[in-house]
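Enquirer: My questions will all concern the structure given below.
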Amino acid sequence: MTKPNLSVDIAGIRLRNPVMAASGTFGYGQEFAEYFDLESIGAIITKGLSLKPKAGNRTPRIVETPGGMLNAIGLQNVGLEAFISEKIPYFRTMKTPVIVNVYGNSPEEYAELAERLDKIPEVAGLEVNISCPNVRQGGIVFGTDPRAAFEVVELVRDATIKPVIVKLSPNVTDIVEMARACVEAGADALSLINTLTGMAVDLGKRRPVLANVTGGLSGPAIKPVALRMVWQVAKAVTVPVIGIGGICSANDALEFIVAGATAVQVGTASFLDPTATRNIARGMESYLAENGIAGIGEMIGSLEV
Amino acid sequence: MGLTMQYKATILANAEMSPGYFRMRLRVPDLAAGSAPGQFLMIRVRDAIDPLLRRPFGIFDIHEAESEYAESGRQTCLEILYKIVGKGTRHMATLHHGDHLDILAPLGKGFSTGSGAGENILVGGGIGIAPLYFLARELVEKGKVRLFTGGRSRDDILCVTEFERLGVETYVATDDGTLGERGLVTEALERYLAETRGVGSIFACGPFPMLKAVAQIAEKNGTLCQVSLEAYMACGVGACLGCVVKGRNHSDENPDYRCVCKDGPVFDSRELLWD
């Protein structure tokens with residue numbers, strides 16, 4: 001039998017397989033190049049980028065939880081100018097698409113980032129992080145208000161012809177409503193879920209463990225929530241959905257595919273094993289081969305309810 | 001420093017040296033011998049999702065030993081010291097000879113020993129003494145080495161005999177006076193520097209307040225000083241930005257954060273912001 005076809009297309013970005021490295025867990029790509037050939041995964045999503053450099057939160061920024069971890073890194077990043085001069089040159093050497101995750105304190109900042117990145121050929125697409133507070137509007141998180149999300153996505157859409165993926169926050173009452181708003185505003189694809197807001201308490205000190213008090217929960221613990229949301233959203237929209245949330249194995253990834261995802265992102269698993277993304281891609285290929293499935297397309301959204 | 005590898009190591013020994021403190025010897029691939037003093041390992045304590053993250057441990061020692069089974073008759077052994085502080089280390093304490101551990105190593109920037117001119121001084125606090133042994137083995141080849149080691153009580157003073165066997169002159173201090181002199185090891189260091197000429201570099205590893213004190217003493221004396229930091233880590237490779245420490249030029253407007261796992265764990269003491 002010929003090798004199974006794992007390639008997928010996300011808004012015009014051709015991925016050789018459906019496995020992408022999630023933003024915030026893979027640096028800018030270079031950090032993992034010594035552990036495996038980056039050409040063995042579908043795409044890399046870089047650390048969240050803002051216009052100006054951001055320091056991030058004070059430590060402690062991370063803490064392990066049962067089957068997961070909380071992070072409150074605070075979106076530390078080098079800022080757009082340093083990104084262009086220091087990180088872009090490396091992308092030129094890569095044959096794996098690099099998607100840049102972006103965020104802003106106001107809709108205008110998102111738009112400016114999109115406009116600048118639109119002109120850079122090494123950038124395959126943008127992933128818009130709307131899980132941050134709108135500093136101009138009392139700190140309401142863009143991703144929790146359909147109108148705020150719509151405004152951001154619309155401005156980004158107008159600022160670039162590159163593929164626009166919007167990363168949804170799960171900390172909402174109705175994820176489908178958020179998804180629809182983003183698609184209506186012009187999103188080419190959706191990725192979900194971002195982290196779930198949580199916290200940890202140090203009993204001995206009677207204080208929160210994290211300096212930021214709350215943080216985002218990721219890892220195997222969140223997979224059931226992520227799967228549910230991917231399933232709900234994939235049924236409701238026609239754009240490709242990228243599944244994220246606690247994927248540690250090929251089987252995990254395939255469950256998201258069956259639930260409706262066209263591709264997946266792997267994040268926390270890379271901390272357990274730097275080669276996790278590659279292993280998951282290989283495992284998916286083996287699964288298809290062993291089960292006589294010619295292409296991943298046959299499995300997308302094949303869940304019978 | 002050697003290329004980082006991911007491998008399965010076999011536990012050869014795992015013994016409690018002092019209440020709550022363990023010494024583990026592992027059989028590792030021969031290539032692991034390319035590790036440098038000051039580098040560390042990220043160990044997956046169980047093949048499970050809980051505890052989720054790898055745990056970091058400094059390399060205490062690497063040496064060759066006889067092997068009944070290897071074709072060459074030799075095997076490479078790596079040793080770590082660890083203290084039971086939580087879920088991961090509690091689990092490690094239950095492991096036995098013959099068990100396996102998934103290891104990612106060597107990681108981080110180790111100590112720079114340079115020409116090693118002058119008397120080199122090691123300052124250890126509690127479990128922080130671990131990487132200083134691997135360093136001492138290299139430094140004794142270059143000249144005189146003196147160790148100042150401290151802790152809360154006698155239980156926290158580890159492996160002094162091993163250092164003495166290398167020919168390292170050792171001074172011990174405990175907060176409660178149950179071993180060595182009663183007091184802080186940094187006070188003894190300060191006294192020693194005041195009355196001694198020909199000191200080369202200071203190498204310190206231990207709790208952050210101890211490192212801060214050593215850095216200040218070194219600056220006052222105009223002595224070169226390297227510190228090895230500890231930090232709660234997730235990825236260990238500089239990707240997640242969870243283990244950062246403030247660099248000398250750090251401010252809110254112009255951030256200067258360093259990853260303990262990638263830019264460290266060893267830093268020149270002048271590189272950091274000691275606040």
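Following the order of the structure tokens, first chain is A, next is B, and so on, with residues numbered from 1 inside each chain and ligands from 1 in the order they appear.
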Please tabulate, as JSON lines, the residues of chain A that come within 6 Å of chain B, each with its closest pair of atoms and the distance in Å to one decimal, counting only C-alpha atoms and ordering rows by chain, then residue number upward.

Expert:
{"residue": "A:Gly24", "atom": "CA", "partner": "B:Cys240", "partner_atom": "CA", "distance": 5.9}
{"residue": "A:Thr25", "atom": "CA", "partner": "B:Cys240", "partner_atom": "CA", "distance": 5.3}
{"residue": "A:Phe26", "atom": "CA", "partner": "B:Ala239", "partner_atom": "CA", "distance": 5.3}
{"residue": "A:Gly27", "atom": "CA", "partner": "B:Ala239", "partner_atom": "CA", "distance": 4.4}
{"residue": "A:Ala55", "atom": "CA", "partner": "B:Pro255", "partner_atom": "CA", "distance": 4.9}
{"residue": "A:Arg61", "atom": "CA", "partner": "B:Gly242", "partner_atom": "CA", "distance": 5.4}
{"residue": "A:Ile62", "atom": "CA", "partner": "B:Gly242", "partner_atom": "CA", "distance": 5.7}
{"residue": "A:Pro66", "atom": "CA", "partner": "B:Asp50", "partner_atom": "CA", "distance": 6.0}
{"residue": "A:Gly67", "atom": "CA", "partner": "B:Asp50", "partner_atom": "CA", "distance": 5.1}
{"residue": "A:Phe271", "atom": "CA", "partner": "B:Cys235", "partner_atom": "CA", "distance": 4.3}
{"residue": "A:Leu272", "atom": "CA", "partner": "B:Leu53", "partner_atom": "CA", "distance": 6.0}

Enquirer: Those same residues - C-alpha atoms - I'd like them written as a compact mmCIF listing (two decimals), in the first residue's frame.

Expert:
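Generated output (out-v4.txt):
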# COMPACT_ATOMS: atom_id res chain seq x y z
CA GLY A 24 4.66 29.67 23.52
CA THR A 25 6.00 26.14 23.68
CA PHE A 26 8.46 26.11 20.84
CA GLY A 27 10.22 29.47 21.02
CA ALA A 55 8.90 41.85 29.92
CA ARG A 61 5.54 31.94 36.35
CA ILE A 62 4.85 28.21 36.19
CA PRO A 66 -2.22 17.05 38.36
CA GLY A 67 -1.85 16.02 34.73
CA PHE A 271 8.19 19.89 27.50
CA LEU A 272 7.89 16.22 28.39

Enquirer: Using only C-alpha atoms, which protein or nucleic acid residues come within 7 Å of A:Leu168? Drop anything in the same chain fewer than 3 positions from it, and give the result as a ChimeraX atom specification.

Expert: /A:130,143,191-194

Enquirer: Would you please give, as a PyMOL selection string, all residues of stretch 90-237 of chain B that DSSP assigns to strand (DSSP E or B) based on the backbone?

Expert: chain B and resi 100-107+109+119-125+145-151+169-174+181-182+199-205+224-228

Enquirer: Which residues are near stretch 67-81 of chain B? Cut-off 9 Å, only C-alpha atoms, ignore same chain within fewer than 3 positions. Put them as a list in words.

Expert: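 My list of contacting residues is Leu12, Tyr21, Phe22, Arg23, Met24, Arg25, Leu26, Arg27, Val28, Pro29, Asp30, Leu31, Ala32, Ala33, Phe57, Gly58, Ile59, Phe60, Asp61, Ile62, His63, Glu64, Ile127, Ile129, Ala130 and Pro131 of chain B.
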
Enquirer: Give me a file of those residues, with C-alpha atoms, as a short mmCIF file (atom, residue, chain, number, x, y, z; two decimals), in the first residue's frame.

Expert:
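Heads up, here's the output in part.cif:
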data_model
loop_
_atom_site.label_atom_id
_atom_site.label_comp_id
_atom_site.auth_asym_id
_atom_site.auth_seq_id
_atom_site.Cartn_x
_atom_site.Cartn_y
_atom_site.Cartn_z
CA LEU B 12 22.61 1.34 39.46
CA TYR B 21 18.81 13.47 50.78
CA PHE B 22 19.59 10.83 48.19
CA ARG B 23 22.46 9.91 45.91
CA MET B 24 21.62 8.15 42.66
CA ARG B 25 24.06 6.50 40.30
CA LEU B 26 22.96 5.88 36.71
CA ARG B 27 24.40 4.01 33.78
CA VAL B 28 24.36 6.39 30.81
CA PRO B 29 25.56 6.30 27.18
CA ASP B 30 29.29 6.93 26.82
CA LEU B 31 28.55 10.15 24.93
CA ALA B 32 27.11 11.57 28.15
CA ALA B 33 30.69 11.84 29.40
CA PHE B 57 19.24 18.00 38.66
CA GLY B 58 22.83 19.19 38.55
CA ILE B 59 25.49 16.62 37.63
CA PHE B 60 27.31 15.54 40.79
CA ASP B 61 29.82 13.33 39.02
CA ILE B 62 30.55 11.37 35.85
CA HIS B 63 33.04 8.56 35.86
CA GLU B 64 33.86 5.33 34.15
CA ILE B 127 21.81 20.39 48.07
CA ILE B 129 26.85 21.36 46.77
CA ALA B 130 26.09 18.75 44.09
CA PRO B 131 27.47 20.40 40.93
#

Enquirer: Excluding same-chain residues fewer than 5 positions from stretch 153-161 of chain B, what lies within 6 Å of it counting only C-alpha atoms, as number ranges by chain?

Expert: B: 18, 126, 174, 176, 178-179

Enquirer: Given the selection you just returned, output its residues as a file containing C-alpha atoms, formatted as a PDB file, in the first residue's frame.

Expert:
ATOM      1  CA  SER B  18      21.150  11.839  55.097  1.00  0.00           C
ATOM      2  CA  GLY B 126      22.646  22.354  51.205  1.00  0.00           C
ATOM      3  CA  THR B 174      25.614  25.047  60.215  1.00  0.00           C
ATOM      4  CA  ASP B 176      22.357  25.434  64.527  1.00  0.00           C
ATOM      5  CA  THR B 178      25.286  20.675  64.989  1.00  0.00           C
ATOM      6  CA  LEU B 179      28.208  20.270  62.591  1.00  0.00           C
TER       7      LEU B 179
END

Enquirer: Just the residues within 10 Å of A:Pro107, please, counting only C-alpha atoms, with nothing from its chain fewer than 3 positions along; format it as a count of residues only.

Expert: 19

Enquirer: Between atom CA of B:Thr94 and atom CA of B:Val45, what distance in Å does the model show, to one decimal?

Expert: 10.5 Å

Enquirer: Which residues are close to stretch 114-119 of chain B, i.e. within 7 Å by only C-alpha atoms, leaving aside same-chain residues fewer than 3 positions away? Reply as a VMD selection string.

Expert: chain B and resid 139 142 to 145 198 to 200

Enquirer: Mind dumping the selected residues with N, CA and C atoms as a PDB file, in the first residue's frame?

Expert:
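Contents of selection_3.pdb, as written:
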ATOM      1  N   LEU B 139      38.892  21.185  38.936  1.00  0.00           N
ATOM      2  CA  LEU B 139      39.724  22.261  39.470  1.00  0.00           C
ATOM      3  C   LEU B 139      40.956  21.770  40.215  1.00  0.00           C
ATOM      4  N   LYS B 142      44.098  21.753  38.477  1.00  0.00           N
ATOM      5  CA  LYS B 142      44.734  23.025  38.108  1.00  0.00           C
ATOM      6  C   LYS B 142      45.384  23.721  39.294  1.00  0.00           C
ATOM      7  N   GLY B 143      44.996  23.359  40.489  1.00  0.00           N
ATOM      8  CA  GLY B 143      45.584  24.047  41.639  1.00  0.00           C
ATOM      9  C   GLY B 143      44.790  23.795  42.903  1.00  0.00           C
ATOM     10  N   LYS B 144      45.016  24.673  43.867  1.00  0.00           N
ATOM     11  CA  LYS B 144      44.405  24.505  45.177  1.00  0.00           C
ATOM     12  C   LYS B 144      42.911  24.836  45.142  1.00  0.00           C
ATOM     13  N   VAL B 145      42.128  24.012  45.856  1.00  0.00           N
ATOM     14  CA  VAL B 145      40.684  24.234  45.916  1.00  0.00           C
ATOM     15  C   VAL B 145      40.231  24.208  47.367  1.00  0.00           C
ATOM     16  N   GLY B 198      45.882  35.821  46.740  1.00  0.00           N
ATOM     17  CA  GLY B 198      46.021  34.764  45.735  1.00  0.00           C
ATOM     18  C   GLY B 198      44.776  33.939  45.490  1.00  0.00           C
ATOM     19  N   VAL B 199      43.638  34.546  45.766  1.00  0.00           N
ATOM     20  CA  VAL B 199      42.396  33.822  45.475  1.00  0.00           C
ATOM     21  C   VAL B 199      42.063  33.988  44.000  1.00  0.00           C
ATOM     22  N   GLY B 200      41.690  32.899  43.357  1.00  0.00           N
ATOM     23  CA  GLY B 200      41.342  32.937  41.939  1.00  0.00           C
ATOM     24  C   GLY B 200      39.906  33.324  41.748  1.00  0.00           C
TER      25      GLY B 200
END

Enquirer: Name all residues at most 6 Å from A:Val100 (count only C-alpha atoms; drop same-chain ones fewer than 2 positions away) and give them as a list in words.

Expert: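 Residues meeting the cut-off are Ile45, Thr46, Leu126 and Glu127 of chain A.
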
Enquirer: Looking at only C-alpha atoms, which of B:Tyr133, B:Phe208, B:Phe203, B:Tyr171 is the one that sits closest to B:Glu187?

Expert: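 Under the stated criterion, the closest residue is B:Tyr171.
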
Enquirer: From the options A:Pro274, A:Pro53, A:Gly245, A:Gly297, which residue's atoms come nearest to A:Leu38, counting only C-alpha atoms?

Expert: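 Ranking A:Pro274, A:Pro53, A:Gly245, A:Gly297 by distance to A:Leu38, first place goes to A:Pro274.
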